[in-house]
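Heads up: the structure comes next, in structure tokens.
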Amino acid sequence: MIYTQEIANHDLLRLDRAHVWHPYTSFTQPGMITAVSHAQGVELHLADGRVLIDGMSSWWSTLHGYNHPVLNQAVIDQLGKMAHVMFAGVTHESAVKLATTLAKITPEGLNKVFFSDSGSVAVEVALKMAIQYWHSQGQAQRTMFLTLKRGYHGDTFGAMSVCDPQSGMHHLFHHALSHHLFAEAPPCGFDDPFQESHIAKFAQMIQQHRQKIAAVILEPIVQGAGGMRFYSPDYLRRVRELCDKNEILLIVDEIATGFGRTGKLFACEHAGISPDILCIGKALTAGYITLAATLCNDKISNGICKGENGIFMHGPTYMANPLACAVANASIDLLLNSDWQTTVANIGQQMRAELAPCKDFSYVSDVRVLGAIGVVELENAVDTSKLMPMFVELGVWIRPFGNVIYLMPPFIISKDQLSKLTSAVLKVVATLTK
Ligand SMILES: *Cc1c(COP(=O)(O)O)cnc(C)c1O
């Protein structure tokens with residue numbers, strides 16, 4: 001019955017509650033679930049008729065908004081050719097075009113593209129590439145990763161093992177994970193003057209453990225799910241130098257920051273550096289179909305392919321899905337053929353002005369904006385389950401976590417729509433108490 005008939009809204013939520021597990025949620029103490037019937041531009045249309053402005057870009061993906069005619073057409077055109085084909089021993093135009101474009105637009109030297117299904121898997125692939133590279137160099141003892149506290153790299157086992165072990169959401173699994181090295185999160189904000197002391201501990205750790213470390217892995221400039229922290233490009237530049245000096249690989253996770261979000265196409269560009277291995281995902285397909293990629297330079301690909309195995313040991317079933325590659329190509333074309341730098345700068349400027357009054361509340365510890373990311377940081381953690389209904393009541397979709405309320409709107413948002421988001425943040429912040 002439920003397969004053939006549309007489910008009435010109240011039944012939908014009842015059946016959802018009975019059977020559907022949502023991200024980071026409980027069945028015994030379910031929070032608010034919102035049924036979306038369709039979405040258009042930056043608007044989510046709810047099953048009960050209400051309309052919300054999306055301030056989250058569906059977890060930082062929906063660059064050009066929902067139901068975009070150009071992106072829809074790209075999927076339809078590809079669908080008429082083939083929805084999928086296995087990628088072992090086979091290639092297709094959408095994948096070749098996407099890999100060629102990515103090699104061109106990502107930081108210098110990243111020539112080889114390995115496609116996968118999600119950001120977490122792209123991180124797993126990056127970790128495996130680093131380990132396989134060192135194995136090929138006769139240094140199989142290099143299996144450790146050095147990373148930063150407050151980092152987030154995904155939910156699968158390898159990725160979890162390099163997420164912040166204390167404040168991150170995976171402390172529950174700590175005992176079951178392989179243990180890596182964690183340096184302090186960068187203490188210098190994006191505009192703060194960098195001092196060598198900011199990286200002294202990191203430098204000491206890299207020196208001390210250099211024979212065991214396969215790679216450094218970090219999020220460039222913005223630590224996302226670990227607290228929306230922005231740090232100095234000089235810090236990232238020093239990390240690259242320290243990796244070079246100690247002959248350690250650098251993996252950069254641009255899954256959240258890629259495709260213009262920080263004001264540069266890739267956040268590495270703030271520091272003018274290039275990693276050995278790069279992970280991208282999220283906005284890659286503009287929120288249409290799950291797809292991620294791990295890029296590496298020739299040093300890595302040559303090393304791995306001259307090694308004992310001669311091949312890289314990974315291969316997802318849906319690797320380089322043609323529908324996903326086609327929509328990624330269309331999204332990148334849309335982005336690069338627009339004046340996205342000005343768009344992002346304008347969004348940033350408006351958020352900076354309109355979120356500034358939040359600083360007046362004693363319990364707000366910081367208000368910061370970088371690119372099209374606006375963050376209000378509070379002294380204490382917020383109760384997301386209490387705040388979500390307030391935001392929905394105000395006609396916006398904003399999902400805070402930890403002690404941050406943040407905005408990452410789609411790039412196509414209008415001034416009025418953005419004002420609706422910022423005024424909702426202000427209203428909700430005003431209701432909080434210390
Ligand atoms: C979201 C995210 C991931 C994980 O991506 P999924 O597609 O959710 O698996 C990894 N790294 C960073 C920096 C992210 O923001």
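Lettering and numbering for the structure tokens are positional, with chains as A, B, ... in the shown order, residues counted from 1 in each chain, and ligands counted from 1 in the shown order.
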What residues have any atom no more than 10 Å from ligand 1 when counting only C-alpha atoms and all ligand atoms, and can you list them as a CSV table (one decimal) with C-alpha atoms, in the first residue's frame?
```
chain,number,residue,atom,x,y,z
A,59,TRP,CA,25.1,20.2,4.6
A,60,TRP,CA,27.2,22.6,2.5
A,61,SER,CA,26.5,21.1,-0.9
A,116,SER,CA,34.3,7.4,-4.8
A,117,ASP,CA,30.8,7.7,-3.3
A,118,SER,CA,31.2,9.9,-0.3
A,119,GLY,CA,33.5,12.2,1.6
A,120,SER,CA,34.4,9.6,4.2
A,121,VAL,CA,35.4,7.1,1.6
A,122,ALA,CA,37.5,9.8,-0.2
A,123,VAL,CA,39.3,10.2,3.1
A,124,GLU,CA,39.7,6.4,3.5
A,151,GLY,CA,39.4,18.2,13.0
A,152,TYR,CA,36.6,16.3,11.3
A,153,HIS,CA,37.1,13.9,8.4
A,154,GLY,CA,34.1,11.6,8.3
A,155,ASP,CA,32.3,8.7,9.9
A,156,THR,CA,33.9,5.5,8.7
A,159,ALA,CA,38.2,8.7,8.9
A,160,MET,CA,37.0,8.5,12.5
A,163,CYS,CA,38.7,13.0,13.9
A,218,LEU,CA,44.0,18.3,8.0
A,219,GLU,CA,41.2,20.6,6.8
A,220,PRO,CA,42.7,23.7,5.2
A,222,VAL,CA,38.4,26.0,8.0
A,223,GLN,CA,37.9,23.3,10.6
A,224,GLY,CA,34.3,22.6,9.8
A,225,ALA,CA,32.2,20.0,11.8
A,226,GLY,CA,34.8,20.4,14.7
A,252,VAL,CA,44.3,18.1,2.6
A,253,ASP,CA,40.6,17.5,3.1
A,254,GLU,CA,38.7,20.1,1.1
A,255,ILE,CA,35.4,18.3,1.3
A,256,ALA,CA,33.8,21.2,3.1
A,257,THR,CA,35.8,24.1,1.8
A,258,GLY,CA,36.1,23.2,-1.9
A,279,CYS,CA,39.9,15.0,-0.9
A,280,ILE,CA,36.8,16.7,-2.3
A,281,GLY,CA,33.1,15.9,-2.0
A,282,LYS,CA,30.0,17.7,-0.7
A,283,ALA,CA,29.6,20.7,-3.2
A,290,THR,CA,26.6,11.6,-3.8
A,291,LEU,CA,30.1,11.7,-5.3
A,292,ALA,CA,33.6,12.4,-3.9
```
Note to self: If DSSP is run on the backbone, what residues of stretch 120-346 of chain A are strand (DSSP E)? A reply as a PyMOL selection string would be ideal.
What the structure shows: chain A and resi 144-148+181-183+213-218+222-223+229-230+249-253+277-280+292-296
Suppose we keep N, CA, C and O atoms; can you now write the selection as a compact mmCIF listing (two decimals), in the first residue's frame?
```txt
# COMPACT_ATOMS: atom_id res chain seq x y z
N MET A 144 51.29 5.81 10.73
CA MET A 144 50.60 6.78 11.60
C MET A 144 50.27 8.05 10.84
O MET A 144 50.93 8.41 9.87
N PHE A 145 49.24 8.72 11.31
CA PHE A 145 48.87 10.02 10.74
C PHE A 145 48.96 11.07 11.83
O PHE A 145 48.61 10.82 12.98
N LEU A 146 49.46 12.22 11.44
CA LEU A 146 49.49 13.37 12.35
C LEU A 146 48.39 14.31 11.90
O LEU A 146 48.29 14.65 10.72
N THR A 147 47.54 14.71 12.84
CA THR A 147 46.43 15.58 12.48
C THR A 147 46.20 16.61 13.59
O THR A 147 47.00 16.72 14.51
N LEU A 148 45.12 17.38 13.45
CA LEU A 148 44.85 18.46 14.39
C LEU A 148 43.64 18.15 15.26
O LEU A 148 42.67 17.58 14.77
N LEU A 181 48.30 10.63 15.90
CA LEU A 181 48.89 11.74 16.65
C LEU A 181 48.06 13.01 16.44
O LEU A 181 47.74 13.36 15.30
N PHE A 182 47.74 13.68 17.54
CA PHE A 182 46.92 14.89 17.47
C PHE A 182 47.67 16.09 18.02
O PHE A 182 48.03 16.10 19.19
N ALA A 183 47.88 17.08 17.17
CA ALA A 183 48.47 18.34 17.64
C ALA A 183 47.34 19.29 18.01
O ALA A 183 46.19 19.11 17.57
N ILE A 213 55.42 8.35 10.71
CA ILE A 213 54.29 9.08 10.14
C ILE A 213 54.22 8.88 8.63
O ILE A 213 55.21 9.08 7.92
N ALA A 214 53.02 8.48 8.15
CA ALA A 214 52.81 8.37 6.71
C ALA A 214 52.45 9.74 6.14
O ALA A 214 52.94 10.13 5.08
N ALA A 215 51.58 10.45 6.83
CA ALA A 215 51.13 11.74 6.30
C ALA A 215 50.53 12.60 7.41
O ALA A 215 50.11 12.11 8.45
N VAL A 216 50.50 13.89 7.13
CA VAL A 216 49.70 14.82 7.91
C VAL A 216 48.37 14.93 7.18
O VAL A 216 48.34 15.01 5.96
N ILE A 217 47.27 14.88 7.92
CA ILE A 217 45.96 15.12 7.30
C ILE A 217 45.26 16.24 8.06
O ILE A 217 45.26 16.25 9.30
N LEU A 218 44.72 17.19 7.32
CA LEU A 218 44.00 18.30 7.97
C LEU A 218 43.00 18.93 7.00
O LEU A 218 43.06 18.73 5.79
N VAL A 222 39.64 26.15 7.25
CA VAL A 222 38.41 26.04 8.03
C VAL A 222 38.28 24.64 8.61
O VAL A 222 38.24 23.66 7.86
N GLN A 223 38.25 24.55 9.94
CA GLN A 223 37.89 23.28 10.57
C GLN A 223 36.38 23.30 10.72
O GLN A 223 35.83 24.07 11.51
N ARG A 229 35.99 26.60 12.88
CA ARG A 229 37.12 27.45 13.26
C ARG A 229 37.92 27.83 12.02
O ARG A 229 38.19 27.00 11.17
N PHE A 230 38.29 29.10 11.91
CA PHE A 230 39.10 29.58 10.77
C PHE A 230 40.52 29.81 11.27
O PHE A 230 40.70 30.40 12.33
N LEU A 249 54.14 13.10 3.79
CA LEU A 249 53.11 13.50 2.82
C LEU A 249 52.08 14.42 3.49
O LEU A 249 51.87 14.35 4.70
N LEU A 250 51.44 15.24 2.67
CA LEU A 250 50.38 16.12 3.17
C LEU A 250 49.06 15.78 2.46
O LEU A 250 48.97 15.83 1.23
N ILE A 251 48.07 15.41 3.26
CA ILE A 251 46.71 15.17 2.76
C ILE A 251 45.84 16.34 3.19
O ILE A 251 45.78 16.66 4.38
N VAL A 252 45.20 16.99 2.25
CA VAL A 252 44.30 18.09 2.58
C VAL A 252 42.86 17.67 2.27
O VAL A 252 42.57 17.18 1.19
N ASP A 253 42.00 17.86 3.26
CA ASP A 253 40.59 17.48 3.14
C ASP A 253 39.77 18.74 2.84
O ASP A 253 39.44 19.51 3.74
N ILE A 277 47.99 14.84 -1.61
CA ILE A 277 46.71 14.15 -1.79
C ILE A 277 45.61 15.11 -1.35
O ILE A 277 45.73 15.79 -0.33
N LEU A 278 44.54 15.18 -2.15
CA LEU A 278 43.43 16.11 -1.88
C LEU A 278 42.10 15.36 -1.90
O LEU A 278 41.86 14.57 -2.81
N CYS A 279 41.25 15.63 -0.91
CA CYS A 279 39.91 15.02 -0.89
C CYS A 279 38.86 16.09 -1.17
O CYS A 279 38.90 17.16 -0.57
N ILE A 280 37.93 15.78 -2.07
CA ILE A 280 36.81 16.69 -2.32
C ILE A 280 35.50 15.89 -2.32
O ILE A 280 35.50 14.68 -2.56
N ALA A 292 32.42 11.76 -4.54
CA ALA A 292 33.60 12.37 -3.94
C ALA A 292 34.81 11.97 -4.78
O ALA A 292 34.70 11.10 -5.65
N ALA A 293 35.94 12.61 -4.53
CA ALA A 293 37.14 12.25 -5.27
C ALA A 293 38.38 12.47 -4.42
O ALA A 293 38.40 13.35 -3.55
N THR A 294 39.38 11.65 -4.66
CA THR A 294 40.68 11.80 -4.03
C THR A 294 41.68 12.03 -5.16
O THR A 294 41.77 11.20 -6.07
N LEU A 295 42.35 13.16 -5.13
CA LEU A 295 43.34 13.47 -6.16
C LEU A 295 44.74 13.30 -5.58
O LEU A 295 44.94 13.54 -4.38
N CYS A 296 45.69 12.91 -6.43
CA CYS A 296 47.08 12.87 -5.94
C CYS A 296 48.02 13.34 -7.03
O CYS A 296 47.64 13.46 -8.20
```
Checklist line | atom CA of A:Arg261 to atom CA of A:Leu102, straight-line distance in Å | finding: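 For atom CA of A:Leu102 relative to atom CA of A:Arg261, the distance reads 16.4 Å.
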Notebook entry, point to check: Near A:Cys325, counting only C-alpha atoms, which residues have an atom at most 7 Å away, once you skip same-chain residues fewer than 5 positions from it, shown as a PyMOL selection string?
Noted result: chain A and resi 94-95+98+320
Margin query: Run DSSP on the backbone and tell me which residues of stretch 60-262 of chain A come out as alpha helix (DSSP H); list them as a PyMOL selection string.
Written below: chain A and resi 60+69-81+93-105+119-136+157-161+200-208+233-245
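Nearest residue to A:Glu247 among A:Phe115, A:Phe361, A:Trp134, A:Tyr318 is A:Trp134, counting only C-alpha atoms.
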Next item on the list: Select, from A:Gln350, A:Ser136, A:Thr101, A:Ser37, the residue with the minimum atom-to-atom distance to A:Gln417, counting only C-alpha atoms.
Entry: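 Checking each candidate against A:Gln417, we get A:Gln350 as the closest.
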Item checked: Top pick for closest residue to A:Leu394, considering A:Lys149, A:Arg50, A:His68, A:Arg210 and counting only C-alpha atoms -> A:Arg50
Checklist line | Distance of atom CA of A:Val396 from atom CA of A:Thr343, expressed in Å to one decimal place | finding: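 Atom CA of A:Thr343 sits 20.9 Å away from atom CA of A:Val396.
Residue nearest A:Arg150 within the list A:Pro357, A:Gly402, A:Gly307, A:Pro69: A:Gly402 [criterion: smallest interatomic distance, only C-alpha atoms].
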Note to self: So that I can check the surroundings of A:Ala88, please list as a ChimeraX atom specification every protein, DNA and RNA residue that reaches within 9 Å of it, counting only C-alpha atoms and ignoring chain neighbours fewer than 3 positions away.
What the structure shows: /A:91,315,319
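Neighbours of A:Gly272 closer than or equal to 12 Å, with only C-alpha atoms counted and sequence neighbours fewer than 4 positions away skipped, come out as Thr106, Pro107, Glu108, Pro220, Ile221, Pro233, Asp234, Tyr235, Leu236, Arg237, Arg238, Arg240, Glu241, Lys264, Leu265, Phe266, Ala267 and Cys268 of chain A.
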Please, could you write that set of residues out with all heavy atoms as a compact mmCIF listing (two decimals), in the first residue's frame?
```txt
# COMPACT_ATOMS: atom_id res chain seq x y z
N THR A 106 42.18 22.25 -9.60
CA THR A 106 42.69 22.05 -8.24
C THR A 106 44.15 22.52 -8.17
O THR A 106 44.78 22.74 -9.21
CB THR A 106 42.59 20.57 -7.82
OG1 THR A 106 43.20 19.77 -8.84
CG2 THR A 106 41.15 20.14 -7.64
N PRO A 107 44.69 22.70 -6.96
CA PRO A 107 46.07 23.17 -6.83
C PRO A 107 47.06 22.33 -7.65
O PRO A 107 46.83 21.15 -7.91
CB PRO A 107 46.34 23.06 -5.33
CG PRO A 107 44.99 23.25 -4.70
CD PRO A 107 44.02 22.59 -5.64
N GLU A 108 48.13 22.98 -8.01
CA GLU A 108 49.13 22.44 -8.94
C GLU A 108 49.61 21.03 -8.57
O GLU A 108 49.83 20.72 -7.40
CB GLU A 108 50.33 23.39 -8.91
CG GLU A 108 51.19 23.31 -10.14
CD GLU A 108 52.42 24.20 -9.98
OE1 GLU A 108 52.32 25.23 -9.28
OE2 GLU A 108 53.46 23.82 -10.53
N PRO A 220 41.95 22.42 5.40
CA PRO A 220 42.67 23.68 5.17
C PRO A 220 41.84 24.90 5.57
O PRO A 220 40.68 25.01 5.21
CB PRO A 220 42.89 23.66 3.66
CG PRO A 220 41.72 22.90 3.12
CD PRO A 220 41.35 21.90 4.17
N ILE A 221 42.39 25.78 6.37
CA ILE A 221 41.83 27.11 6.71
C ILE A 221 40.56 27.04 7.57
O ILE A 221 40.39 27.83 8.49
CB ILE A 221 41.59 27.98 5.44
CG1 ILE A 221 42.87 28.06 4.58
CG2 ILE A 221 41.11 29.38 5.80
CD1 ILE A 221 44.08 28.67 5.26
N PRO A 233 46.33 31.35 7.09
CA PRO A 233 46.99 30.72 5.95
C PRO A 233 48.48 30.46 6.21
O PRO A 233 49.05 29.50 5.68
CB PRO A 233 46.81 31.74 4.82
CG PRO A 233 45.59 32.50 5.19
CD PRO A 233 45.59 32.56 6.69
N ASP A 234 49.10 31.30 7.04
CA ASP A 234 50.52 31.10 7.36
C ASP A 234 50.74 29.76 8.08
O ASP A 234 51.77 29.12 7.90
CB ASP A 234 51.05 32.24 8.24
CG ASP A 234 51.24 33.51 7.45
OD1 ASP A 234 51.55 33.42 6.25
OD2 ASP A 234 51.04 34.60 8.03
N TYR A 235 49.78 29.39 8.90
CA TYR A 235 49.88 28.11 9.60
C TYR A 235 49.93 26.97 8.58
O TYR A 235 50.79 26.09 8.65
CB TYR A 235 48.69 27.95 10.55
CG TYR A 235 48.75 26.71 11.42
CD1 TYR A 235 49.21 26.78 12.73
CD2 TYR A 235 48.38 25.46 10.92
CE1 TYR A 235 49.29 25.65 13.53
CE2 TYR A 235 48.45 24.32 11.71
CZ TYR A 235 48.91 24.42 13.01
OH TYR A 235 48.98 23.29 13.80
N LEU A 236 49.01 27.04 7.61
CA LEU A 236 48.96 25.98 6.58
C LEU A 236 50.25 25.96 5.75
O LEU A 236 50.78 24.90 5.41
CB LEU A 236 47.73 26.21 5.69
CG LEU A 236 47.46 25.16 4.61
CD1 LEU A 236 47.32 23.77 5.19
CD2 LEU A 236 46.20 25.53 3.82
N ARG A 237 50.76 27.16 5.45
CA ARG A 237 52.01 27.25 4.70
C ARG A 237 53.16 26.58 5.47
O ARG A 237 53.97 25.86 4.90
CB ARG A 237 52.33 28.74 4.46
CG ARG A 237 53.00 29.04 3.15
CD ARG A 237 53.02 30.53 2.88
NE ARG A 237 51.73 31.08 2.52
CZ ARG A 237 51.18 32.18 3.05
NH1 ARG A 237 51.81 32.86 3.99
NH2 ARG A 237 50.00 32.59 2.65
N ARG A 238 53.19 26.82 6.78
CA ARG A 238 54.24 26.20 7.62
C ARG A 238 54.09 24.69 7.68
O ARG A 238 55.07 23.96 7.71
CB ARG A 238 54.19 26.78 9.05
CG ARG A 238 54.97 28.04 9.27
CD ARG A 238 56.46 27.87 8.97
NE ARG A 238 57.22 27.28 10.08
CZ ARG A 238 58.29 26.52 9.93
NH1 ARG A 238 58.74 26.22 8.72
NH2 ARG A 238 58.94 26.05 10.99
N ARG A 240 52.99 22.79 5.32
CA ARG A 240 53.56 22.27 4.05
C ARG A 240 55.09 22.24 4.14
O ARG A 240 55.73 21.27 3.75
CB ARG A 240 53.07 23.13 2.88
CG ARG A 240 53.64 22.81 1.51
CD ARG A 240 53.08 21.54 0.87
NE ARG A 240 53.85 20.35 1.16
CZ ARG A 240 53.62 19.15 0.61
NH1 ARG A 240 52.62 18.99 -0.26
NH2 ARG A 240 54.36 18.11 0.92
N GLU A 241 55.68 23.31 4.68
CA GLU A 241 57.14 23.37 4.81
C GLU A 241 57.67 22.27 5.72
O GLU A 241 58.67 21.62 5.41
CB GLU A 241 57.58 24.73 5.38
CG GLU A 241 57.52 25.86 4.36
CD GLU A 241 57.69 27.23 5.01
OE1 GLU A 241 58.12 27.31 6.19
OE2 GLU A 241 57.37 28.23 4.33
N LYS A 264 37.99 31.39 -2.03
CA LYS A 264 38.90 30.87 -3.05
C LYS A 264 38.26 29.59 -3.58
O LYS A 264 37.50 28.94 -2.85
CB LYS A 264 40.27 30.53 -2.44
CG LYS A 264 40.97 31.70 -1.78
CD LYS A 264 41.65 32.57 -2.80
CE LYS A 264 42.46 33.68 -2.09
NZ LYS A 264 42.93 34.69 -3.06
N LEU A 265 38.62 29.20 -4.79
CA LEU A 265 38.01 27.99 -5.34
C LEU A 265 38.31 26.81 -4.41
O LEU A 265 37.43 26.01 -4.09
CB LEU A 265 38.52 27.74 -6.77
CG LEU A 265 37.69 26.76 -7.60
CD1 LEU A 265 36.22 27.16 -7.67
CD2 LEU A 265 38.27 26.62 -9.00
N PHE A 266 39.59 26.72 -3.98
CA PHE A 266 39.98 25.74 -2.96
C PHE A 266 40.72 26.48 -1.85
O PHE A 266 41.50 27.40 -2.14
CB PHE A 266 40.84 24.63 -3.58
CG PHE A 266 40.04 23.80 -4.56
CD1 PHE A 266 40.07 24.10 -5.92
CD2 PHE A 266 39.21 22.79 -4.12
CE1 PHE A 266 39.28 23.38 -6.82
CE2 PHE A 266 38.41 22.08 -5.01
CZ PHE A 266 38.45 22.37 -6.37
N ALA A 267 40.47 26.09 -0.62
CA ALA A 267 41.00 26.85 0.52
C ALA A 267 42.53 26.84 0.56
O ALA A 267 43.15 27.77 1.08
CB ALA A 267 40.43 26.31 1.83
N CYS A 268 43.16 25.81 -0.02
CA CYS A 268 44.63 25.77 -0.12
C CYS A 268 45.19 27.03 -0.76
O CYS A 268 46.31 27.44 -0.47
CB CYS A 268 45.07 24.61 -1.01
SG CYS A 268 44.97 23.02 -0.25
```
Check: What is the distance between atom CA of A:His64 and atom CA of A:Gly41, in Å to one decimal?
Finding: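 These two atoms are separated by 7.6 Å.
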Contacts of stretch 322-324 of chain A within 6 Å, only C-alpha atoms, excl. fewer than 2 positions in-chain, as an mmCIF file with N, CA and C atoms, in the first residue's frame:
```
data_model
loop_
_atom_site.group_PDB
_atom_site.id
_atom_site.type_symbol
_atom_site.label_atom_id
_atom_site.label_comp_id
_atom_site.auth_asym_id
_atom_site.auth_seq_id
_atom_site.Cartn_x
_atom_site.Cartn_y
_atom_site.Cartn_z
ATOM 1 N N VAL A 75 21.426 15.776 -15.675
ATOM 2 C CA VAL A 75 21.078 14.430 -15.197
ATOM 3 C C VAL A 75 20.206 13.719 -16.229
ATOM 4 N N GLN A 78 22.221 12.570 -19.269
ATOM 5 C CA GLN A 78 23.053 11.407 -18.946
ATOM 6 C C GLN A 78 22.192 10.161 -18.760
ATOM 7 N N ALA A 83 22.654 5.184 -16.848
ATOM 8 C CA ALA A 83 22.634 5.619 -15.438
ATOM 9 C C ALA A 83 23.919 5.208 -14.745
ATOM 10 N N HIS A 84 24.420 4.027 -15.133
ATOM 11 C CA HIS A 84 25.648 3.564 -14.502
ATOM 12 C C HIS A 84 26.319 2.512 -15.367
ATOM 13 N N SER A 94 31.647 11.360 -19.186
ATOM 14 C CA SER A 94 31.398 12.245 -18.035
ATOM 15 C C SER A 94 32.523 12.145 -17.006
ATOM 16 N N ILE A 289 23.833 14.402 -6.351
ATOM 17 C CA ILE A 289 24.045 12.962 -6.215
ATOM 18 C C ILE A 289 25.368 12.764 -5.493
ATOM 19 N N ALA A 326 28.120 13.662 -14.454
ATOM 20 C CA ALA A 326 27.496 14.601 -15.389
ATOM 21 C C ALA A 326 27.030 15.855 -14.665
ATOM 22 N N VAL A 327 26.415 15.664 -13.497
ATOM 23 C CA VAL A 327 25.911 16.833 -12.778
ATOM 24 C C VAL A 327 27.076 17.627 -12.171
#
```
Notebook entry, point to check: Residues at most 9 Å from A:Phe27, counting only C-alpha atoms, excluding those fewer than 6 positions away in the same chain, as a count of residues only?
Noted result: 5
Checklist line | Proximity to A:Thr262 - best of A:Tyr66, A:Tyr231, A:Gly138, A:Pro389, only C-alpha atoms | finding: A:Tyr231
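Comparing the minimum interatomic distances between A:Asp164 and each of A:Val42, A:Val239, A:Ala185, A:Ala103, counting only C-alpha atoms, we find that A:Ala185 sits nearest.
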